[in-house]
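Visitor: Contents of entry.csv (CSV, C-alpha atoms) are below:
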chain,number,residue,atom,x,y,z
T,1,MET,CA,22.4,-17.7,26.5
T,2,GLU,CA,20.1,-19.6,24.2
T,3,ARG,CA,19.8,-18.0,20.8
T,4,VAL,CA,16.3,-17.0,19.8
T,5,GLY,CA,15.5,-17.2,16.1
T,6,SER,CA,15.1,-13.8,14.6
T,7,LEU,CA,12.6,-12.5,12.0
T,8,GLU,CA,15.4,-12.5,9.5
T,9,ASP,CA,16.1,-16.2,10.1
T,10,TRP,CA,12.5,-17.0,9.4
T,11,ALA,CA,12.6,-15.2,6.1
T,12,LEU,CA,15.7,-17.1,5.1
T,13,GLU,CA,13.9,-20.4,5.5
T,14,THR,CA,11.8,-19.6,2.4
T,15,PRO,CA,12.8,-21.9,-0.5
T,16,ASP,CA,15.2,-20.3,-3.0
T,17,GLY,CA,14.3,-22.3,-6.1
T,18,LEU,CA,11.2,-22.1,-8.2
T,19,GLU,CA,10.9,-25.9,-8.3
T,20,ALA,CA,9.8,-25.9,-4.7
T,21,PHE,CA,6.6,-24.0,-5.7
T,22,GLU,CA,5.6,-26.3,-8.5
T,23,HIS,CA,3.0,-28.2,-6.5
T,24,MET,CA,2.0,-25.5,-4.2
T,25,SER,CA,-1.3,-23.7,-4.0
T,26,PHE,CA,-1.3,-19.9,-4.1
T,27,HIS,CA,-2.0,-19.8,-0.4
T,28,GLU,CA,1.0,-22.0,0.4
T,29,ALA,CA,3.2,-19.9,-1.8
T,30,TYR,CA,1.8,-16.7,-0.2
T,31,GLY,CA,2.6,-18.2,3.3
T,32,LYS,CA,6.3,-18.5,2.3
T,33,PHE,CA,6.6,-14.8,1.4
T,34,TRP,CA,4.1,-12.6,3.2
T,35,GLN,CA,6.4,-11.5,5.9
T,36,VAL,CA,9.4,-10.7,3.7
T,37,PRO,CA,8.3,-7.1,3.1
T,38,ILE,CA,7.9,-6.7,6.9
T,39,PHE,CA,11.3,-8.1,7.7
T,40,PHE,CA,12.9,-6.1,4.9
T,41,SER,CA,11.3,-2.8,6.1
T,42,SER,CA,12.3,-3.5,9.7
T,43,ALA,CA,16.0,-4.0,8.6
T,44,VAL,CA,15.9,-0.8,6.5
T,45,GLY,CA,14.3,1.1,9.3
T,46,HIS,CA,17.2,0.2,11.6
T,47,ASP,CA,19.9,0.9,9.0
T,48,ARG,CA,22.2,3.7,10.1
T,49,ARG,CA,23.7,3.9,6.6
T,50,LEU,CA,20.6,5.4,5.1
T,51,ASN,CA,19.0,8.8,5.7
T,52,SER,CA,15.3,9.2,6.7
T,53,PHE,CA,14.1,10.1,3.3
T,54,VAL,CA,15.7,7.1,1.6
T,55,LYS,CA,14.5,4.8,4.3
T,56,SER,CA,10.9,6.0,4.2
T,57,GLY,CA,10.9,5.8,0.3
T,58,VAL,CA,12.1,2.2,0.3
T,59,VAL,CA,9.8,1.2,3.2
T,60,TYR,CA,6.8,2.9,1.6
T,61,HIS,CA,7.2,0.7,-1.6
T,62,LEU,CA,7.6,-2.4,0.5
T,63,GLY,CA,4.4,-1.5,2.2
T,64,ALA,CA,2.7,-1.2,-1.2
T,65,ILE,CA,3.9,-4.7,-2.0
T,66,ALA,CA,2.3,-5.9,1.2
T,67,GLY,CA,-0.9,-4.1,0.3
T,68,ILE,CA,-1.2,-5.7,-3.1
T,69,ASN,CA,-0.4,-9.1,-1.5
T,70,GLU,CA,-3.2,-8.6,0.9
T,71,MET,CA,-5.6,-7.8,-1.9
T,72,LEU,CA,-4.6,-11.0,-3.7
T,73,LEU,CA,-5.1,-13.0,-0.5
T,74,GLU,CA,-8.6,-11.5,0.2
T,75,ASP,CA,-9.7,-12.4,-3.4
T,76,TYR,CA,-8.3,-15.9,-2.9
T,77,PHE,CA,-10.0,-16.5,0.4
T,78,HIS,CA,-13.3,-15.2,-0.6
T,79,GLY,CA,-13.4,-17.6,-3.6
T,80,LEU,CA,-13.3,-14.8,-6.1
T,81,ALA,CA,-9.9,-15.6,-7.7
T,82,ASP,CA,-8.9,-18.9,-6.0
T,83,LYS,CA,-9.1,-21.0,-9.1
T,84,VAL,CA,-7.2,-18.5,-11.2
T,85,LEU,CA,-4.5,-17.9,-8.6
T,86,ASP,CA,-4.0,-21.6,-8.1
T,87,ARG,CA,-3.1,-22.2,-11.7
T,88,PRO,CA,0.4,-23.6,-11.7
T,89,GLU,CA,1.7,-20.9,-14.0
T,90,ASN,CA,0.3,-18.2,-11.8
T,91,VAL,CA,1.7,-19.7,-8.6
T,92,LYS,CA,5.1,-19.9,-10.4
T,93,GLU,CA,4.9,-16.3,-11.6
T,94,TYR,CA,4.0,-15.1,-8.1
T,95,ALA,CA,6.8,-17.1,-6.6
T,96,LYS,CA,9.3,-15.7,-9.2
T,97,ILE,CA,8.4,-12.1,-8.2
T,98,MET,CA,8.6,-12.7,-4.5
T,99,LEU,CA,11.8,-14.7,-4.8
T,100,ARG,CA,13.3,-11.7,-6.4
T,101,LEU,CA,12.3,-9.6,-3.4
T,102,LYS,CA,13.8,-12.2,-1.0
T,103,ALA,CA,17.0,-12.3,-3.0
T,104,LEU,CA,17.2,-8.5,-2.9
T,105,TYR,CA,16.7,-8.6,0.8
T,106,GLU,CA,19.5,-11.1,1.3
T,107,ASP,CA,21.8,-9.2,-1.0
T,108,TYR,CA,21.0,-6.0,0.9
T,109,ARG,CA,21.8,-7.6,4.2
T,110,SER,CA,25.1,-9.0,3.0
T,111,ARG,CA,26.4,-5.8,1.6
T,112,GLU,CA,28.7,-3.5,3.5
T,113,LYS,CA,27.8,-0.5,1.4
T,114,VAL,CA,24.3,0.3,0.2
T,115,ARG,CA,23.3,2.9,-2.4
T,116,GLY,CA,19.8,4.1,-1.3
T,117,ALA,CA,18.7,5.1,-4.8
T,118,ASP,CA,19.6,1.7,-6.2
T,119,LEU,CA,17.8,-0.1,-3.4
T,120,ARG,CA,14.7,2.0,-3.9
T,121,MET,CA,14.7,1.5,-7.6
T,122,ALA,CA,15.0,-2.3,-7.2
T,123,VAL,CA,12.1,-2.4,-4.8
T,124,GLU,CA,10.0,-0.2,-7.1
T,125,ASP,CA,10.8,-2.6,-10.0
T,126,ILE,CA,9.5,-5.6,-7.9
T,127,LEU,CA,6.4,-3.6,-7.0
T,128,SER,CA,5.7,-2.9,-10.7
T,129,GLU,CA,6.0,-6.6,-11.4
T,130,LEU,CA,3.6,-7.6,-8.7
T,131,TYR,CA,1.2,-4.9,-9.9
T,132,ALA,CA,1.4,-6.3,-13.4
T,133,PHE,CA,0.8,-9.8,-12.0
T,134,ALA,CA,-2.3,-8.6,-10.2
T,135,GLN,CA,-3.4,-7.0,-13.5
T,136,GLU,CA,-2.9,-10.4,-15.3
T,137,ILE,CA,-4.9,-12.2,-12.6
T,138,LEU,CA,-7.8,-9.7,-13.2
T,139,ASN,CA,-7.6,-10.2,-16.9
T,140,GLN,CA,-7.8,-14.0,-16.5
T,141,LEU,CA,-10.7,-13.5,-14.0
T,142,ARG,CA,-12.6,-11.3,-16.5
T,143,ALA,CA,-12.1,-13.8,-19.3
T,144,GLN,CA,-13.4,-16.5,-17.0
T,145,ARG,CA,-16.6,-14.6,-15.9
W,1,MET,CA,1.3,62.9,-3.8
W,2,SER,CA,-1.5,60.9,-2.3
W,3,GLU,CA,-0.7,58.5,0.5
W,4,GLN,CA,-1.2,54.9,-0.3
W,5,LYS,CA,-3.1,52.9,2.3
W,6,SER,CA,-2.6,49.2,2.6
W,7,VAL,CA,-5.8,47.3,3.3
W,8,GLU,CA,-5.5,43.8,4.7
W,9,VAL,CA,-7.9,41.5,3.0
W,10,GLU,CA,-8.7,38.3,4.8
W,11,ALA,CA,-8.3,35.2,2.6
W,12,PRO,CA,-11.7,33.5,2.0
W,13,LYS,CA,-12.2,30.5,4.1
W,14,LEU,CA,-13.4,27.2,2.6
W,15,GLU,CA,-16.9,26.5,3.8
W,16,PRO,CA,-17.7,22.8,3.5
W,17,GLU,CA,-21.4,23.5,2.8
W,18,LYS,CA,-20.3,25.4,-0.3
W,19,LEU,CA,-18.2,22.5,-1.6
W,20,GLN,CA,-21.1,20.1,-2.3
W,21,GLY,CA,-20.6,20.3,-6.1
W,22,LEU,CA,-17.0,19.3,-5.7
W,23,ILE,CA,-17.8,16.5,-3.2
W,24,SER,CA,-20.6,15.1,-5.5
W,25,TYR,CA,-18.2,15.3,-8.5
W,26,VAL,CA,-15.4,13.4,-6.7
W,27,ALA,CA,-17.9,10.9,-5.3
W,28,SER,CA,-19.5,10.1,-8.6
W,29,SER,CA,-17.0,7.4,-9.6
W,30,PHE,CA,-14.3,5.3,-8.0
W,31,GLU,CA,-11.8,6.6,-10.6
W,32,ARG,CA,-12.4,10.2,-9.5
W,33,ALA,CA,-12.3,9.4,-5.9
W,34,PHE,CA,-9.0,7.5,-6.3
W,35,THR,CA,-7.4,10.2,-8.4
W,36,ALA,CA,-8.3,12.9,-5.9
W,37,THR,CA,-7.0,11.1,-2.8
W,38,GLU,CA,-4.3,8.7,-3.8
W,39,PRO,CA,-1.3,11.1,-3.9
W,40,GLY,CA,-2.0,11.9,-0.2
W,41,THR,CA,-0.3,8.7,1.0
W,42,TYR,CA,3.0,9.6,-0.7
W,43,GLU,CA,2.9,13.2,0.4
W,44,PHE,CA,2.2,12.2,4.0
W,45,ARG,CA,5.2,9.8,3.9
W,46,GLY,CA,7.4,12.7,2.8
W,47,ALA,CA,6.1,15.0,5.6
W,48,ILE,CA,6.8,12.4,8.2
W,49,ALA,CA,10.3,11.7,6.8
W,50,GLY,CA,11.1,15.4,7.0
W,51,GLY,CA,9.6,15.9,10.5
W,52,ASN,CA,11.5,15.8,13.8
W,53,ASP,CA,8.9,14.3,16.1
W,54,MET,CA,9.8,10.6,15.4
W,55,ASN,CA,13.0,8.6,15.2
W,56,ASP,CA,13.8,6.7,12.0
W,57,ASP,CA,12.3,3.4,13.2
W,58,ASP,CA,9.0,5.0,13.9
W,59,LYS,CA,9.1,7.0,10.7
W,60,SER,CA,9.6,3.7,8.9
W,61,ILE,CA,6.7,2.0,10.6
W,62,ASN,CA,4.4,4.7,9.5
W,63,ALA,CA,5.9,4.9,6.0
W,64,PHE,CA,5.2,1.1,5.7
W,65,LYS,CA,1.6,1.6,6.7
W,66,LEU,CA,1.1,4.5,4.3
W,67,GLY,CA,2.6,2.3,1.5
W,68,TYR,CA,0.3,-0.5,2.5
W,69,ILE,CA,-2.7,1.8,2.2
W,70,ASN,CA,-1.5,2.9,-1.2
W,71,GLY,CA,-1.1,-0.7,-2.3
W,72,LEU,CA,-4.7,-1.5,-1.2
W,73,ALA,CA,-6.0,1.6,-3.0
W,74,ARG,CA,-4.0,0.9,-6.1
W,75,ALA,CA,-5.1,-2.7,-6.2
W,76,LEU,CA,-8.8,-1.5,-6.1
W,77,HIS,CA,-8.1,1.0,-8.8
W,78,LEU,CA,-6.5,-1.7,-10.9
W,79,ALA,CA,-9.6,-3.8,-10.6
W,80,ALA,CA,-11.8,-0.8,-11.5
W,81,PHE,CA,-9.7,0.2,-14.4
W,82,ASN,CA,-9.5,-3.3,-15.7
W,83,GLY,CA,-13.2,-3.5,-15.9
W,84,ALA,CA,-13.5,-6.6,-13.8
W,85,ILE,CA,-15.4,-4.9,-11.0
W,86,ASN,CA,-15.9,-1.3,-12.1
W,87,GLU,CA,-19.7,-1.3,-11.9
W,88,LEU,CA,-19.5,-2.7,-8.4
W,89,LEU,CA,-16.8,-0.2,-7.3
W,90,ASP,CA,-18.8,2.7,-8.8
W,91,LYS,CA,-21.8,2.0,-6.6
W,92,PRO,CA,-22.3,5.2,-4.5
W,93,GLU,CA,-22.1,3.3,-1.2
W,94,ASN,CA,-18.7,1.7,-2.2
W,95,VAL,CA,-17.3,5.0,-3.5
W,96,ALA,CA,-18.5,6.7,-0.2
W,97,ARG,CA,-16.7,4.0,1.9
W,98,PHE,CA,-13.5,4.5,-0.1
W,99,LEU,CA,-13.7,8.3,0.2
W,100,SER,CA,-14.6,8.1,3.9
W,101,ALA,CA,-11.5,6.0,4.6
W,102,MET,CA,-9.2,8.3,2.5
W,103,SER,CA,-10.7,11.4,4.0
W,104,LYS,CA,-9.7,10.1,7.4
W,105,LEU,CA,-6.2,9.7,6.1
W,106,LEU,CA,-6.1,13.2,4.6
W,107,GLU,CA,-7.5,14.7,7.8
W,108,LEU,CA,-4.7,13.0,9.8
W,109,TYR,CA,-2.2,14.4,7.3
W,110,ASN,CA,-3.6,17.9,7.7
W,111,GLU,CA,-3.5,17.6,11.5
W,112,TYR,CA,0.1,16.3,11.3
W,113,ARG,CA,1.2,19.2,9.1
W,114,ALA,CA,-0.5,21.7,11.4
W,115,GLY,CA,1.3,20.2,14.3
W,116,GLU,CA,-2.0,19.2,16.0
W,117,LYS,CA,-1.2,15.5,15.8
W,118,LYS,CA,2.2,14.2,16.8
W,119,GLY,CA,3.9,11.1,17.9
W,120,TRP,CA,4.3,7.9,15.9
W,121,LEU,CA,1.6,5.9,17.8
W,122,ASN,CA,-1.1,8.6,17.3
W,123,ILE,CA,-0.3,8.6,13.6
W,124,TYR,CA,0.0,4.8,13.4
W,125,ASP,CA,-3.4,4.3,15.1
W,126,GLY,CA,-5.1,6.6,12.6
W,127,LEU,CA,-3.4,4.9,9.7
W,128,ALA,CA,-4.4,1.4,11.0
W,129,SER,CA,-8.0,2.6,11.2
W,130,VAL,CA,-7.8,3.7,7.5
W,131,SER,CA,-6.2,0.4,6.4
W,132,ASN,CA,-8.8,-1.6,8.3
W,133,GLU,CA,-11.6,0.2,6.5
W,134,LEU,CA,-10.1,-0.4,3.1
W,135,GLU,CA,-9.5,-4.1,3.9
W,136,GLU,CA,-13.1,-4.4,4.9
W,137,LEU,CA,-14.2,-2.7,1.7
W,138,ILE,CA,-12.1,-5.2,-0.3
W,139,ARG,CA,-13.7,-8.1,1.6
W,140,ASP,CA,-17.2,-6.9,1.0
W,141,ILE,CA,-16.6,-6.3,-2.7
W,142,ALA,CA,-15.2,-9.8,-3.0
W,143,ARG,CA,-18.2,-11.2,-1.2
W,144,GLN,CA,-20.6,-9.2,-3.4
W,145,LEU,CA,-18.9,-10.4,-6.6
W,146,LYS,CA,-19.0,-13.9,-5.4
W,147,VAL,CA,-22.7,-13.7,-4.8
W,148,GLU,CA,-23.2,-12.1,-8.2
W,149,GLY,CA,-21.1,-15.0,-9.7
Transcribe the structure of this file into structure tokens.

Guide:
Amino acid sequence: MERVGSLEDWALETPDGLEAFEHMSFHEAYGKFWQVPIFFSSAVGHDRRLNSFVKSGVVYHLGAIAGINEMLLEDYFHGLADKVLDRPENVKEYAKIMLRLKALYEDYRSREKVRGADLRMAVEDILSELYAFAQEILNQLRAQR
Amino acid sequence: MSEQKSVEVEAPKLEPEKLQGLISYVASSFERAFTATEPGTYEFRGAIAGGNDMNDDDKSINAFKLGYINGLARALHLAAFNGAINELLDKPENVARFLSAMSKLLELYNEYRAGEKKGWLNIYDGLASVSNELEELIRDIARQLKVEG
């Protein structure tokens, strides 16, 4: 039977190193990562090692990451923050945060044992970083206006 | 010794028409609207996780959507708090749109807790409607800001 590529395979095609993002626009970088929270939450949802409360806590925070990503994309597409988001240092910072999420996802998938509290805390840390990134973008936007 | 009689007193019911002061207060700024409604997403997640009407996959799908709504709301709040767009967000029509979306979410939560609304798809459909409204609000605010330059 022909093997059909899975969602997880797609996520793994995202570049690992920051150098790949040096000449990318924010939109291109976003395109490499936007589905990672979805794949991650799908894997956690199916994980029999974790109980319902742990799963829903981890997935909730992955959803919040997707929500903040969406806000950044909307601001980009409507020309509000495109110039600020496209600054190389901002694309790099965004890629750095999302690469951490991807690395966490891959590490999670490769482990035989998972501690729910650690996983949740790691996702919450990345959410906080993305939140701080959005804050920095708004600061730059305000300075520009 | 006199016999004591117990009298049942009916708890007063909330009458929406008597809550206008509260509604006006909450609707007077984005900050107040956000603070009053934002915790609902996390509480709803907890109620679904503890329920027995969905399997874990379906609970996760709804937890993701609740987190997504929270992320959108927090991003808006960040923008308001940062001062980048607070005047625009504080416009009564924008606060009303935010409150209307979040009120839908809280109504769904109340119905779920009361057992009136069950099943992952019913919940998911309701949450999708809330997230669509918030996305549309974000788009409109971005458009308005772009016009204002």

Visitor: Find the nearest atom pair between each residue of chain W and chain T for residues within 7 Å, count only C-alpha atoms, give distances in Å to one decimal, sort rows by chain and ascending number, and present the table as JSON lines.

Guide:
{"residue": "W:Arg45", "atom": "CA", "partner": "T:Ser56", "partner_atom": "CA", "distance": 6.9}
{"residue": "W:Ala49", "atom": "CA", "partner": "T:Phe53", "partner_atom": "CA", "distance": 5.4}
{"residue": "W:Asp56", "atom": "CA", "partner": "T:Ser52", "partner_atom": "CA", "distance": 6.0}
{"residue": "W:Asp57", "atom": "CA", "partner": "T:Gly45", "partner_atom": "CA", "distance": 4.9}
{"residue": "W:Lys59", "atom": "CA", "partner": "T:Ser56", "partner_atom": "CA", "distance": 6.8}
{"residue": "W:Ser60", "atom": "CA", "partner": "T:Gly45", "partner_atom": "CA", "distance": 5.4}
{"residue": "W:Ala63", "atom": "CA", "partner": "T:Tyr60", "partner_atom": "CA", "distance": 4.9}
{"residue": "W:Phe64", "atom": "CA", "partner": "T:Gly63", "partner_atom": "CA", "distance": 4.4}
{"residue": "W:Lys65", "atom": "CA", "partner": "T:Gly63", "partner_atom": "CA", "distance": 6.1}
{"residue": "W:Leu66", "atom": "CA", "partner": "T:Tyr60", "partner_atom": "CA", "distance": 6.5}
{"residue": "W:Gly67", "atom": "CA", "partner": "T:Tyr60", "partner_atom": "CA", "distance": 4.2}
{"residue": "W:Tyr68", "atom": "CA", "partner": "T:Gly63", "partner_atom": "CA", "distance": 4.2}
{"residue": "W:Ile69", "atom": "CA", "partner": "T:Gly67", "partner_atom": "CA", "distance": 6.5}
{"residue": "W:Asn70", "atom": "CA", "partner": "T:Ala64", "partner_atom": "CA", "distance": 5.9}
{"residue": "W:Gly71", "atom": "CA", "partner": "T:Ala64", "partner_atom": "CA", "distance": 4.0}
{"residue": "W:Leu72", "atom": "CA", "partner": "T:Gly67", "partner_atom": "CA", "distance": 4.8}
{"residue": "W:Ala75", "atom": "CA", "partner": "T:Ile68", "partner_atom": "CA", "distance": 5.8}
{"residue": "W:Leu78", "atom": "CA", "partner": "T:Gln135", "partner_atom": "CA", "distance": 6.7}
{"residue": "W:Ala79", "atom": "CA", "partner": "T:Leu138", "partner_atom": "CA", "distance": 6.7}
{"residue": "W:Ala84", "atom": "CA", "partner": "T:Arg142", "partner_atom": "CA", "distance": 5.5}
{"residue": "W:Arg139", "atom": "CA", "partner": "T:Glu74", "partner_atom": "CA", "distance": 6.3}
{"residue": "W:Ala142", "atom": "CA", "partner": "T:Asp75", "partner_atom": "CA", "distance": 6.1}
{"residue": "W:Arg143", "atom": "CA", "partner": "T:His78", "partner_atom": "CA", "distance": 6.4}
{"residue": "W:Lys146", "atom": "CA", "partner": "T:Leu80", "partner_atom": "CA", "distance": 5.8}

Visitor: Can you spit out the residues from that selection as a PDB file, in the frame of the given file, using C-alpha atoms?

Guide:
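Saved to out_8.pdb:
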ATOM      1  CA  ARG W  45       5.200   9.800   3.900  1.00  0.00           C
ATOM      2  CA  ALA W  49      10.300  11.700   6.800  1.00  0.00           C
ATOM      3  CA  ASP W  56      13.800   6.700  12.000  1.00  0.00           C
ATOM      4  CA  ASP W  57      12.300   3.400  13.200  1.00  0.00           C
ATOM      5  CA  LYS W  59       9.100   7.000  10.700  1.00  0.00           C
ATOM      6  CA  SER W  60       9.600   3.700   8.900  1.00  0.00           C
ATOM      7  CA  ALA W  63       5.900   4.900   6.000  1.00  0.00           C
ATOM      8  CA  PHE W  64       5.200   1.100   5.700  1.00  0.00           C
ATOM      9  CA  LYS W  65       1.600   1.600   6.700  1.00  0.00           C
ATOM     10  CA  LEU W  66       1.100   4.500   4.300  1.00  0.00           C
ATOM     11  CA  GLY W  67       2.600   2.300   1.500  1.00  0.00           C
ATOM     12  CA  TYR W  68       0.300  -0.500   2.500  1.00  0.00           C
ATOM     13  CA  ILE W  69      -2.700   1.800   2.200  1.00  0.00           C
ATOM     14  CA  ASN W  70      -1.500   2.900  -1.200  1.00  0.00           C
ATOM     15  CA  GLY W  71      -1.100  -0.700  -2.300  1.00  0.00           C
ATOM     16  CA  LEU W  72      -4.700  -1.500  -1.200  1.00  0.00           C
ATOM     17  CA  ALA W  75      -5.100  -2.700  -6.200  1.00  0.00           C
ATOM     18  CA  LEU W  78      -6.500  -1.700 -10.900  1.00  0.00           C
ATOM     19  CA  ALA W  79      -9.600  -3.800 -10.600  1.00  0.00           C
ATOM     20  CA  ALA W  84     -13.500  -6.600 -13.800  1.00  0.00           C
ATOM     21  CA  ARG W 139     -13.700  -8.100   1.600  1.00  0.00           C
ATOM     22  CA  ALA W 142     -15.200  -9.800  -3.000  1.00  0.00           C
ATOM     23  CA  ARG W 143     -18.200 -11.200  -1.200  1.00  0.00           C
ATOM     24  CA  LYS W 146     -19.000 -13.900  -5.400  1.00  0.00           C
TER      25      LYS W 146
END

Visitor: What lies within 8 Å of Arg97 in chain W using only C-alpha atoms, ignoring chain neighbours under 3 positions off, as a list of chain:residue names?

Guide: W:Glu93, W:Asn94, W:Ser100, W:Ala101, W:Glu133, W:Leu137

Visitor: Could you name the residues that touch Lys117 in chain W at 12 Å or less, counting all atoms listed in the file, but leaving out those on the same chain fewer than 5 positions away, as a VMD selection string?

Guide: chain W and resid 48 53 107 to 112 122 to 126

Visitor: So how many Å separate CA of Arg49 in chain T and CA of Ala117 in chain T, to one decimal?

Guide: 12.5 Å

Visitor: From the list T:Ser128, T:Ala122, T:Leu85, T:Phe40, which residue is nearest Arg109 in chain T when using only C-alpha atoms?

Guide: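 Going through T:Ser128, T:Ala122, T:Leu85, T:Phe40 one by one, the smallest distance to Arg109 in chain T is for T:Phe40.
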
Visitor: State, in Å with one decimal place, the distance from CA of Arg100 in chain T to CA of Ile126 in chain T.

Guide: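 Distance between the two atoms: 7.3 Å.
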
Visitor: Excluding range 26-33 of chain T and its own-chain neighbours fewer than 2 positions away, which residues fall within 7 Å of it when counting all atoms listed in the file? Please give them as a PyMOL selection string.

Guide: chain T and resi 14+21+24+35-36+85-86+91+95+98

Visitor: Calculate how many Å separate CA of Thr35 in chain W from CA of Ala128 in chain W, rounding to one decimal.

Guide: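 One can read the CA of Thr35 in chain W to CA of Ala128 in chain W distance as 21.5 Å.
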
Visitor: Nearest to Gly46 in chain W: which of W:Ala33, W:Asn62, W:Glu87, W:Leu76 is it, counting all atoms listed in the file?

Guide: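 Comparing W:Ala33, W:Asn62, W:Glu87, W:Leu76 against Gly46 in chain W, the winner is W:Asn62.
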
Visitor: Draw an axis-aligned box over all listed atoms of range 50-65 of chain W, pad each side with 3 Å, and write its centre and edge lengths in Å, one decimal, as JSON.

Guide:
{"center_x": 7.7, "center_y": 8.5, "center_z": 10.9, "size_x": 18.2, "size_y": 20.8, "size_z": 16.4}

Visitor: From the list W:Leu88, W:Met102, W:Leu14, W:Val7, which residue is nearest Ala73 in chain W when using all atoms listed in the file?

Guide: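 Between W:Leu88, W:Met102, W:Leu14, W:Val7, the residue approaching Ala73 in chain W most closely is W:Met102.
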
Visitor: Do a neighbour search on range 15-26 of chain W at 9 Å with only C-alpha atoms, toss out local chain neighbours closer than 5 positions, and write the hits as a ChimeraX atom specification.

Guide: /W:31-36,99

Visitor: Which one of T:Trp34, T:Glu112, T:Leu104, T:Glu89 sits closest to Glu124 in chain T if you count all atoms listed in the file?

Guide: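 Among the listed residues, the smallest separation from Glu124 in chain T belongs to T:Leu104.
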